[in-house]
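Structure data follow from upload-v6.txt (compact mmCIF, C-alpha atoms and all ligand atoms):
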# COMPACT_ATOMS: atom_id res chain seq x y z
CA MET D 491 13.50 -33.42 33.50
CA ARG D 492 14.37 -34.99 30.15
CA ALA D 493 11.94 -34.17 27.33
CA ILE D 494 11.44 -34.28 23.57
CA VAL D 495 10.40 -30.79 22.57
CA TYR D 496 9.12 -29.23 19.38
CA ASP D 497 9.54 -25.45 19.07
CA GLY D 498 9.84 -25.15 15.33
CA HIS D 499 12.55 -27.85 15.50
CA LEU D 500 12.61 -31.19 17.20
CA HIS D 501 15.07 -31.51 20.08
CA TYR D 502 15.96 -33.56 23.08
CA VAL D 503 16.16 -31.28 26.14
CA GLY D 504 18.03 -32.53 29.21
CA ALA D 505 16.64 -29.96 31.66
CA TYR D 506 13.04 -29.06 30.85
CA PRO D 507 10.98 -27.72 33.82
CA ASP D 508 9.04 -30.46 35.67
CA PRO D 509 5.24 -30.10 35.34
CA LYS D 510 3.20 -29.66 38.53
CA ALA D 511 -0.06 -31.40 39.33
CA THR D 512 -2.83 -29.07 40.48
CA SER D 513 -6.11 -29.95 42.22
CA GLY D 514 -7.73 -33.03 40.66
CA TRP D 515 -4.64 -33.71 38.50
CA ALA D 516 -1.90 -36.32 38.74
CA ARG D 517 1.74 -36.24 37.77
CA ILE D 518 2.79 -39.37 35.94
CA ARG D 519 6.32 -40.77 35.64
CA VAL D 520 6.35 -41.96 32.02
CA LEU D 521 7.77 -45.41 31.25
CA LYS D 522 7.14 -45.73 27.51
CA ALA D 523 5.71 -43.44 24.85
CA GLY D 524 4.71 -44.16 21.25
CA ILE D 525 5.34 -42.00 18.18
CA CYS D 526 2.12 -41.46 16.24
CA THR D 527 1.30 -39.88 12.87
CA THR D 528 -0.04 -36.85 14.76
CA ASP D 529 3.43 -36.27 16.27
CA ILE D 530 4.94 -36.43 12.80
CA GLU D 531 2.37 -33.90 11.52
CA ILE D 532 3.32 -31.61 14.44
CA ILE D 533 7.04 -31.68 13.61
CA ARG D 534 6.16 -30.91 10.00
CA GLY D 535 4.45 -27.79 11.34
CA TYR D 536 0.86 -28.76 10.49
CA LYS D 537 -0.71 -28.35 13.94
CA GLY D 538 0.85 -25.18 15.30
CA PHE D 539 1.71 -26.93 18.58
CA LYS D 540 4.85 -26.07 20.55
CA GLY D 541 6.02 -27.86 23.67
CA VAL D 542 6.68 -31.42 24.83
CA LEU D 543 5.50 -33.91 22.21
CA GLY D 544 3.61 -37.16 22.69
CA HIS D 545 0.20 -38.46 23.69
CA GLU D 546 0.59 -42.25 23.71
CA PHE D 547 2.10 -43.49 26.96
CA VAL D 548 2.13 -45.84 29.88
CA GLY D 549 3.44 -44.59 33.22
CA VAL D 550 3.18 -44.68 36.99
CA VAL D 551 1.40 -41.99 39.03
CA ASP D 552 4.11 -40.24 40.99
CA CYS D 553 2.06 -37.67 42.83
CA HIS D 554 -1.53 -36.69 42.83
CA CYS D 555 -3.44 -33.71 44.20
CA PRO D 556 -6.72 -35.23 45.34
CA LYS D 557 -9.92 -33.29 45.04
CA GLY D 558 -12.74 -34.27 47.43
CA GLY D 559 -13.05 -38.01 47.86
CA ASP D 560 -10.70 -39.08 45.02
CA PRO D 561 -9.08 -42.45 45.67
CA ASP D 562 -5.28 -42.38 45.92
CA TRP D 563 -3.67 -43.11 42.55
CA THR D 564 -0.06 -42.79 43.72
CA GLY D 565 2.05 -45.75 42.55
CA LYS D 566 -0.59 -47.02 40.10
CA ARG D 567 0.44 -47.97 36.56
CA VAL D 568 -1.81 -46.11 34.15
CA VAL D 569 -2.61 -44.98 30.65
CA GLY D 570 -4.40 -41.66 30.12
CA GLU D 571 -7.07 -40.23 27.85
CA ILE D 572 -5.49 -37.36 25.96
CA ASN D 573 -8.31 -34.80 25.78
CA VAL D 574 -8.91 -32.48 28.73
CA GLY D 575 -12.28 -30.73 28.54
CA CYS D 576 -13.42 -27.56 30.30
CA GLY D 577 -15.70 -29.67 32.51
CA VAL D 578 -18.72 -27.37 32.25
CA CYS D 579 -19.91 -27.28 28.63
CA GLU D 580 -22.58 -29.54 27.17
CA TYR D 581 -20.07 -31.91 25.53
CA CYS D 582 -18.19 -32.33 28.81
CA ALA D 583 -21.47 -32.91 30.68
CA HIS D 584 -22.11 -35.86 28.34
CA GLY D 585 -18.64 -37.38 28.76
CA LEU D 586 -17.52 -36.06 25.36
CA GLN D 587 -14.47 -34.09 26.56
CA ARG D 588 -12.87 -35.07 23.27
CA HIS D 589 -15.28 -32.70 21.52
CA CYS D 590 -15.17 -29.83 24.06
CA PRO D 591 -14.52 -26.60 22.13
CA GLN D 592 -12.22 -25.43 24.97
CA ARG D 593 -10.32 -28.69 25.22
CA LYS D 594 -6.61 -29.17 25.63
CA ALA D 595 -4.95 -32.31 24.34
CA LEU D 596 -1.79 -33.94 25.65
CA GLY D 597 1.13 -33.06 23.39
CA ILE D 598 -1.23 -31.71 20.70
CA LEU D 599 -3.07 -28.65 21.99
CA ASP D 600 -2.05 -26.30 24.86
CA LEU D 601 -0.75 -29.08 27.11
CA ASP D 602 2.78 -30.52 27.30
CA GLY D 603 2.89 -34.14 26.19
CA CYS D 604 4.28 -37.42 27.47
CA MET D 605 7.68 -37.74 25.77
CA ALA D 606 9.33 -36.64 28.99
CA ASP D 607 10.10 -37.99 32.45
CA TYR D 608 6.78 -36.56 33.67
CA CYS D 609 3.46 -35.43 32.29
CA VAL D 610 0.28 -34.24 34.03
CA LEU D 611 -3.37 -35.15 33.42
CA PRO D 612 -6.63 -34.94 35.37
CA VAL D 613 -7.12 -38.03 37.53
CA SER D 614 -10.45 -38.57 35.74
CA ASN D 615 -8.48 -39.20 32.50
CA LEU D 616 -6.49 -42.09 33.99
CA HIS D 617 -7.12 -45.82 33.56
CA LEU D 618 -5.49 -48.52 35.62
CA ILE D 619 -3.51 -51.15 33.70
CA PRO D 620 -3.90 -54.79 34.77
CA ALA D 621 -0.68 -56.09 36.37
CA SER D 622 -0.42 -58.84 33.74
CA MET D 623 -0.28 -56.40 30.82
CA PRO D 624 3.28 -55.53 29.68
CA ASP D 625 4.19 -51.85 29.14
CA ASN D 626 4.78 -52.54 25.44
CA ILE D 627 1.14 -53.59 25.05
CA ALA D 628 -0.38 -50.96 27.35
CA VAL D 629 1.21 -48.16 25.28
CA PHE D 630 -1.11 -49.23 22.43
CA VAL D 631 -4.34 -48.52 24.35
CA GLU D 632 -4.63 -45.04 22.80
CA PRO D 633 -4.26 -46.03 19.12
CA LEU D 634 -6.33 -49.18 19.65
CA SER D 635 -9.14 -47.17 21.25
CA ALA D 636 -9.05 -44.82 18.25
CA ALA D 637 -9.46 -47.83 15.94
CA LEU D 638 -12.27 -49.17 18.12
CA GLU D 639 -14.22 -45.95 17.77
CA ILE D 640 -15.37 -47.37 14.40
CA LEU D 641 -17.30 -50.13 16.17
CA GLU D 642 -19.03 -47.49 18.32
CA GLN D 643 -19.98 -45.36 15.33
CA VAL D 644 -21.02 -47.93 12.72
CA GLU D 645 -23.70 -50.46 13.54
CA LEU D 646 -22.69 -53.92 12.30
CA THR D 647 -24.73 -57.09 11.90
CA GLY D 648 -21.67 -59.33 11.56
CA PHE D 649 -22.25 -60.15 7.90
CA GLU D 650 -20.78 -57.05 6.29
CA ARG D 651 -17.81 -57.11 3.99
CA ALA D 652 -15.20 -54.57 5.13
CA VAL D 653 -12.09 -53.14 3.50
CA VAL D 654 -9.41 -51.12 5.26
CA LEU D 655 -7.19 -48.94 3.07
CA GLY D 656 -3.69 -48.42 4.47
CA ASP D 657 -1.24 -50.90 5.98
CA GLY D 658 0.24 -48.48 8.55
CA ARG D 659 -0.22 -48.96 12.31
CA LEU D 660 -3.69 -47.42 12.35
CA GLY D 661 -4.90 -49.39 9.32
CA ILE D 662 -3.73 -52.67 10.85
CA LEU D 663 -5.36 -51.87 14.20
CA CYS D 664 -8.61 -50.95 12.37
CA ALA D 665 -8.54 -54.27 10.49
CA TRP D 666 -7.95 -56.21 13.72
CA THR D 667 -10.75 -54.47 15.59
CA LEU D 668 -13.15 -55.08 12.68
CA LEU D 669 -12.15 -58.77 12.76
CA THR D 670 -13.55 -59.01 16.28
CA ALA D 671 -16.99 -58.19 14.83
CA LEU D 672 -16.85 -59.37 11.19
CA SER D 673 -15.39 -62.34 9.34
CA ASP D 674 -14.83 -60.72 5.95
CA VAL D 675 -12.13 -58.06 6.36
CA THR D 676 -9.57 -57.14 3.69
CA LEU D 677 -6.58 -54.91 4.33
CA ILE D 678 -5.22 -53.19 1.23
CA GLY D 679 -1.73 -51.66 1.37
CA HIS D 680 1.47 -51.16 -0.56
CA HIS D 681 4.05 -52.84 1.68
CA ARG D 682 4.43 -56.61 1.57
CA GLU D 683 6.20 -56.73 4.96
CA LYS D 684 3.55 -54.70 6.74
CA LEU D 685 0.76 -56.81 5.27
CA GLU D 686 2.63 -59.89 6.48
CA LYS D 687 2.66 -58.44 10.01
CA ALA D 688 -1.07 -57.75 9.79
CA ARG D 689 -1.93 -61.48 9.56
CA TRP D 690 -4.39 -62.38 12.31
CA ARG D 691 -7.71 -64.24 12.40
CA GLY D 692 -8.24 -64.74 8.69
CA VAL D 693 -7.67 -61.15 7.62
CA LYS D 694 -7.29 -61.00 3.84
CA THR D 695 -4.48 -58.82 2.57
CA GLN D 696 -4.01 -57.30 -0.89
CA LEU D 697 -1.22 -55.31 -2.49
CA GLU D 698 -3.47 -54.03 -5.26
CA PHE D 699 -7.12 -53.23 -5.68
CA PRO D 700 -8.74 -56.60 -6.23
CA ALA D 701 -10.76 -56.85 -9.43
CA GLY D 702 -14.50 -56.91 -8.94
CA MET D 703 -14.47 -55.26 -5.54
CA GLU D 704 -15.36 -51.78 -6.76
CA GLY D 705 -18.84 -50.76 -5.71
CA ASN D 706 -19.21 -53.96 -3.69
CA VAL D 707 -17.94 -53.26 -0.20
CA ASP D 708 -20.31 -52.52 2.71
CA ILE D 709 -17.81 -50.65 4.88
CA VAL D 710 -14.61 -49.02 3.69
CA VAL D 711 -12.20 -47.56 6.25
CA GLU D 712 -9.77 -44.97 4.88
CA ALA D 713 -6.62 -45.16 7.00
CA ALA D 714 -4.04 -44.68 4.25
CA GLY D 715 -3.40 -41.03 5.01
CA SER D 716 -2.80 -40.45 1.32
CA THR D 717 -4.54 -37.91 -0.84
CA ARG D 718 -5.91 -40.74 -3.00
CA GLY D 719 -7.43 -42.61 -0.08
CA LEU D 720 -10.83 -40.95 0.08
CA GLY D 721 -11.45 -41.25 -3.67
CA ASP D 722 -10.47 -44.93 -3.56
CA ALA D 723 -12.73 -45.54 -0.56
CA VAL D 724 -15.72 -43.94 -2.27
CA ALA D 725 -15.09 -46.04 -5.39
CA LEU D 726 -15.00 -49.32 -3.43
CA CYS D 727 -18.14 -48.66 -1.41
CA ARG D 728 -21.43 -50.21 -2.49
CA PRO D 729 -24.57 -48.08 -2.89
CA ARG D 730 -25.90 -47.15 0.58
CA GLY D 731 -22.63 -48.33 2.15
CA THR D 732 -20.44 -46.54 4.70
CA VAL D 733 -17.05 -44.88 4.30
CA VAL D 734 -15.16 -44.25 7.55
CA LEU D 735 -12.44 -41.59 7.46
CA LYS D 736 -9.71 -42.38 9.96
CA SER D 737 -6.74 -40.40 8.71
CA THR D 738 -6.41 -36.67 9.04
CA VAL D 739 -4.61 -35.85 5.83
CA ALA D 740 -2.75 -32.62 6.41
CA SER D 741 -2.92 -31.31 2.86
CA GLU D 742 -6.19 -30.16 1.39
CA ILE D 743 -7.50 -32.72 -1.03
CA SER D 744 -9.86 -32.50 -3.95
CA VAL D 745 -12.16 -35.45 -4.40
CA ASP D 746 -15.12 -36.00 -6.67
CA LEU D 747 -17.94 -36.44 -4.16
CA SER D 748 -20.69 -37.03 -6.73
CA PRO D 749 -20.61 -40.85 -6.13
CA VAL D 750 -21.44 -40.09 -2.46
CA VAL D 751 -24.70 -38.53 -3.65
CA VAL D 752 -25.45 -40.94 -6.49
CA ASN D 753 -24.78 -44.02 -4.35
CA GLU D 754 -26.19 -42.45 -1.16
CA LEU D 755 -23.08 -43.26 0.85
CA THR D 756 -22.69 -42.48 4.53
CA LEU D 757 -19.42 -40.70 5.37
CA VAL D 758 -18.29 -41.07 8.96
CA GLY D 759 -15.39 -39.09 10.45
CA SER D 760 -13.71 -41.02 13.24
CA ARG D 761 -10.98 -39.90 15.66
CA CYS D 762 -10.37 -40.82 19.32
CA GLY D 763 -12.16 -43.58 21.19
CA ARG D 764 -12.85 -44.53 24.79
CA PHE D 765 -9.96 -46.16 26.63
CA GLU D 766 -12.26 -48.57 28.53
CA THR D 767 -13.08 -50.28 25.23
CA GLY D 768 -9.43 -50.42 24.18
CA LEU D 769 -8.37 -51.95 27.48
CA ARG D 770 -11.25 -54.43 27.41
CA MET D 771 -10.28 -55.53 23.91
CA LEU D 772 -6.64 -56.12 24.88
CA GLU D 773 -7.83 -58.29 27.75
CA SER D 774 -10.44 -60.18 25.68
CA TYR D 775 -8.07 -60.91 22.77
CA PRO D 776 -4.72 -61.78 24.33
CA ASP D 777 -3.75 -63.40 21.01
CA MET D 778 -3.97 -60.07 19.15
CA PRO D 779 -0.32 -59.73 18.01
CA ILE D 780 0.12 -56.13 19.17
CA GLU D 781 3.87 -56.40 19.88
CA ARG D 782 4.46 -57.32 16.25
CA LEU D 783 3.71 -53.67 15.42
CA ILE D 784 6.78 -52.41 17.31
CA SER D 785 9.46 -51.67 14.71
CA ALA D 786 12.02 -50.15 17.07
CA GLU D 787 12.59 -48.68 20.53
CA TYR D 788 14.87 -45.73 21.30
CA PRO D 789 15.98 -44.11 24.55
CA ILE D 790 14.53 -40.62 25.00
CA GLU D 791 17.94 -39.02 24.39
CA GLU D 792 17.87 -40.35 20.80
CA ALA D 793 14.79 -38.37 19.81
CA SER D 794 16.00 -37.45 16.32
CA ALA D 795 16.92 -41.02 15.42
CA ALA D 796 13.55 -42.24 16.74
CA PHE D 797 11.61 -39.75 14.60
CA GLU D 798 13.76 -40.51 11.56
CA MET D 799 12.92 -44.17 11.99
CA ALA D 800 9.20 -43.40 12.48
CA VAL D 801 8.88 -41.75 9.05
CA GLN D 802 10.47 -44.64 7.11
CA PRO D 803 7.90 -46.29 4.84
CA ASP D 804 8.42 -49.77 6.32
CA THR D 805 8.14 -48.65 9.94
CA LEU D 806 5.06 -49.46 12.00
CA LYS D 807 5.32 -48.25 15.62
CA VAL D 808 8.39 -46.64 17.19
CA LEU D 809 8.50 -46.53 20.99
CA ILE D 810 10.48 -44.16 23.21
CA ASP D 811 11.91 -45.72 26.33
CA ILE D 812 11.77 -43.20 29.16
CA ALA D 813 12.03 -45.32 32.31
CA GLU D 814 15.00 -44.20 34.43
CA LYS D 815 17.74 -46.78 34.29
CA GLY D 816 19.39 -48.12 37.46
ZN ZN F 1 -1.85 -41.11 18.37
ZN ZN F 2 -16.14 -28.58 27.82

How does the structure come out when it is put into structure tokens?
Ligand SMILES: [Zn+2]
Ligand SMILES: [Zn+2]
Amino acid sequence: MRAIVYDGHLHYVGAYPDPKATSGWARIRVLKAGICTTDIEIIRGYKGFKGVLGHEFVGVVDCHCPKGGDPDWTGKRVVGEINVGCGVCEYCAHGLQRHCPQRKALGILDLDGCMADYCVLPVSNLHLIPASMPDNIAVFVEPLSAALEILEQVELTGFERAVVLGDGRLGILCAWTLLTALSDVTLIGHHREKLEKARWRGVKTQLEFPAGMEGNVDIVVEAAGSTRGLGDAVALCRPRGTVVLKSTVASEISVDLSPVVVNELTLVGSRCGRFETGLRMLESYPDMPIERLISAEYPIEEASAAFEMAVQPDTLKVLIDIAEKG
């Protein structure tokens, strides 16, 4: 099969071995995949992963090895949760496969990813996509669910003032999900064009730190992925407020954490979310301008060009088109 592989270098491979579905797993024919910051960190060597890249996808189940009374998923259009737990530990028993210490993760940890004609996942990881939802929207279920995790972790009354730092794809998705629960949301970034694309439902956008906001914000989401982000977030947060850390900055950072103690801030680390919530949100807010986040689409063969585009400062989301033509 065709695949985008990282083995110390990024390449397109025309004849990578097809994966096989084992009991309880499905093989999925991938239609579209998205390039995410995690993929970029992998090709920079930060994660130690080697194999087929990619964890954001939409595809069609091509074959499935049922276990017990599993319904037949063959032919269904799906997205898939990326973490595969051991199934027996305490985290897995509570539906928290994404925290299983033995977990594998699609295209990130010990499991080939989705930038290929086929990928495999347990059937229990799959979610059906409504027929009315285009592939180019469905491929955003994974990053949107990650943004939505904030609403699961932080209790909101609806009257909080929130600031999101970072006008990349994740920052914009975080701002949009917060706007479904709050009216006062400000997105702070450095790129005029990206902030323009973030306009939805009265989101306020700022190129610079607005005067008078320091120490006044109830919830600050750090999605800038820059080494300055955490320090800025702590400075903006009001006493007893909450700072949510969304970006996994690869380099080690040094931050003065004394304001966290003095102002009794709550720091919340936030990673992957539940796909049910992401799908539900896409259905409940059909006006959310998701497709505006697509900067470019490349055929799988043009892997290098696609990744070059994905690291440009003005790029939001780059998609890989994998559907067989003709
Ligand atoms: Zn991702
Ligand atoms: Zn487990």

Contacts of Gly524 (chain D) within 12 Å, all atoms listed in the file, excl. fewer than 5 positions in-chain, as JSON, numbers by chain
{"D": [529, 530, 543, 544, 545, 546, 547, 548, 569, 597, 603, 604, 605, 606, 625, 626, 627, 628, 629, 630, 631, 632, 633, 659, 783, 784, 785, 786, 787, 788, 789, 790, 793, 796, 797, 800, 806, 807, 808, 809, 810, 811, 812]}

Please, what distance in Å, to one decimal, runs between CA of Leu726 (chain D) and CA of Ala665 (chain D)?
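CA of Ala665 (chain D) lies 16.1 Å from CA of Leu726 (chain D).
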
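Restricting the calculation to only C-alpha atoms, the smallest distance between Gln643 (chain D) and any of D:Leu735, D:Cys526, D:Leu747, D:Ser794 is found for D:Leu735.
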
note - CA of Met771 (chain D) and CA of Thr528 (chain D) are separated by 23.2 Å

Nearest to ligand ZN 2 (chain F) by atom-to-atom distance, counting only C-alpha atoms and all ligand atoms, from D:Gly558, D:Pro779, D:Gly577, D:Gly538:
D:Gly577

So which residues fall inside 12 Å of (-11.7, -56.4, 12.3) if we count all atoms listed in the file? Mind giving them as an MDAnalysis selection string?
chainID D and resid 634 637:638 640:641 646 648 650:654 661:677 688:694 709:711 771 775 778

List the neighbours of His680 (chain D) out to 12 Å using only C-alpha atoms; skip same-chain residues closer than 3 positions along the sequence, and give me the result as a compact mmCIF listing (two decimals) with C-alpha atoms, in the frame of the given file.
# COMPACT_ATOMS: atom_id res chain seq x y z
CA LEU D 655 -7.19 -48.94 3.07
CA GLY D 656 -3.69 -48.42 4.47
CA ASP D 657 -1.24 -50.90 5.98
CA GLY D 658 0.24 -48.48 8.55
CA GLY D 661 -4.90 -49.39 9.32
CA LEU D 677 -6.58 -54.91 4.33
CA GLU D 683 6.20 -56.73 4.96
CA LYS D 684 3.55 -54.70 6.74
CA LEU D 685 0.76 -56.81 5.27
CA GLU D 686 2.63 -59.89 6.48
CA THR D 695 -4.48 -58.82 2.57
CA GLN D 696 -4.01 -57.30 -0.89
CA LEU D 697 -1.22 -55.31 -2.49
CA GLU D 698 -3.47 -54.03 -5.26
CA PHE D 699 -7.12 -53.23 -5.68
CA ALA D 714 -4.04 -44.68 4.25
CA SER D 716 -2.80 -40.45 1.32
CA PRO D 803 7.90 -46.29 4.84
CA ASP D 804 8.42 -49.77 6.32

Extending 4 Å beyond the listed atoms of region 791-798 of chain D on each side, what axis-aligned box results? I want centre and edge lengths in Å to one decimal, as AutoDock Vina command-line options.
--center_x 14.8 --center_y -39.8 --center_z 18.0 --size_x 14.3 --size_y 12.8 --size_z 20.8

Compare D:Ala493, D:Val503, D:Ala523, D:Cys609 by their minimum atom-to-atom distance to ligand ZN 1 (chain F), counting all atoms listed in the file, and give me the closest one.
D:Ala523

Please identify all polymer residues within 10 Å of Tyr506 (chain D), counting all atoms listed in the file, omitting same-chain residues fewer than 4 positions from it, and present them as number ranges by chain.
D: 491-495, 502, 542, 606-607

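From CA of Leu601 (chain D) back to CA of His499 (chain D), the distance works out to 17.7 Å.
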
For ligand ZN 1 (chain F), which residue among D:Thr805, D:Ser635, D:Asn706, D:Thr756 is the nearest when counting all atoms listed in the file?
D:Ser635

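Among the candidates D:Gly705, D:Gly498, D:Gly541, D:Gly565, the one nearest to Arg519 (chain D) when counting all atoms listed in the file is D:Gly565.
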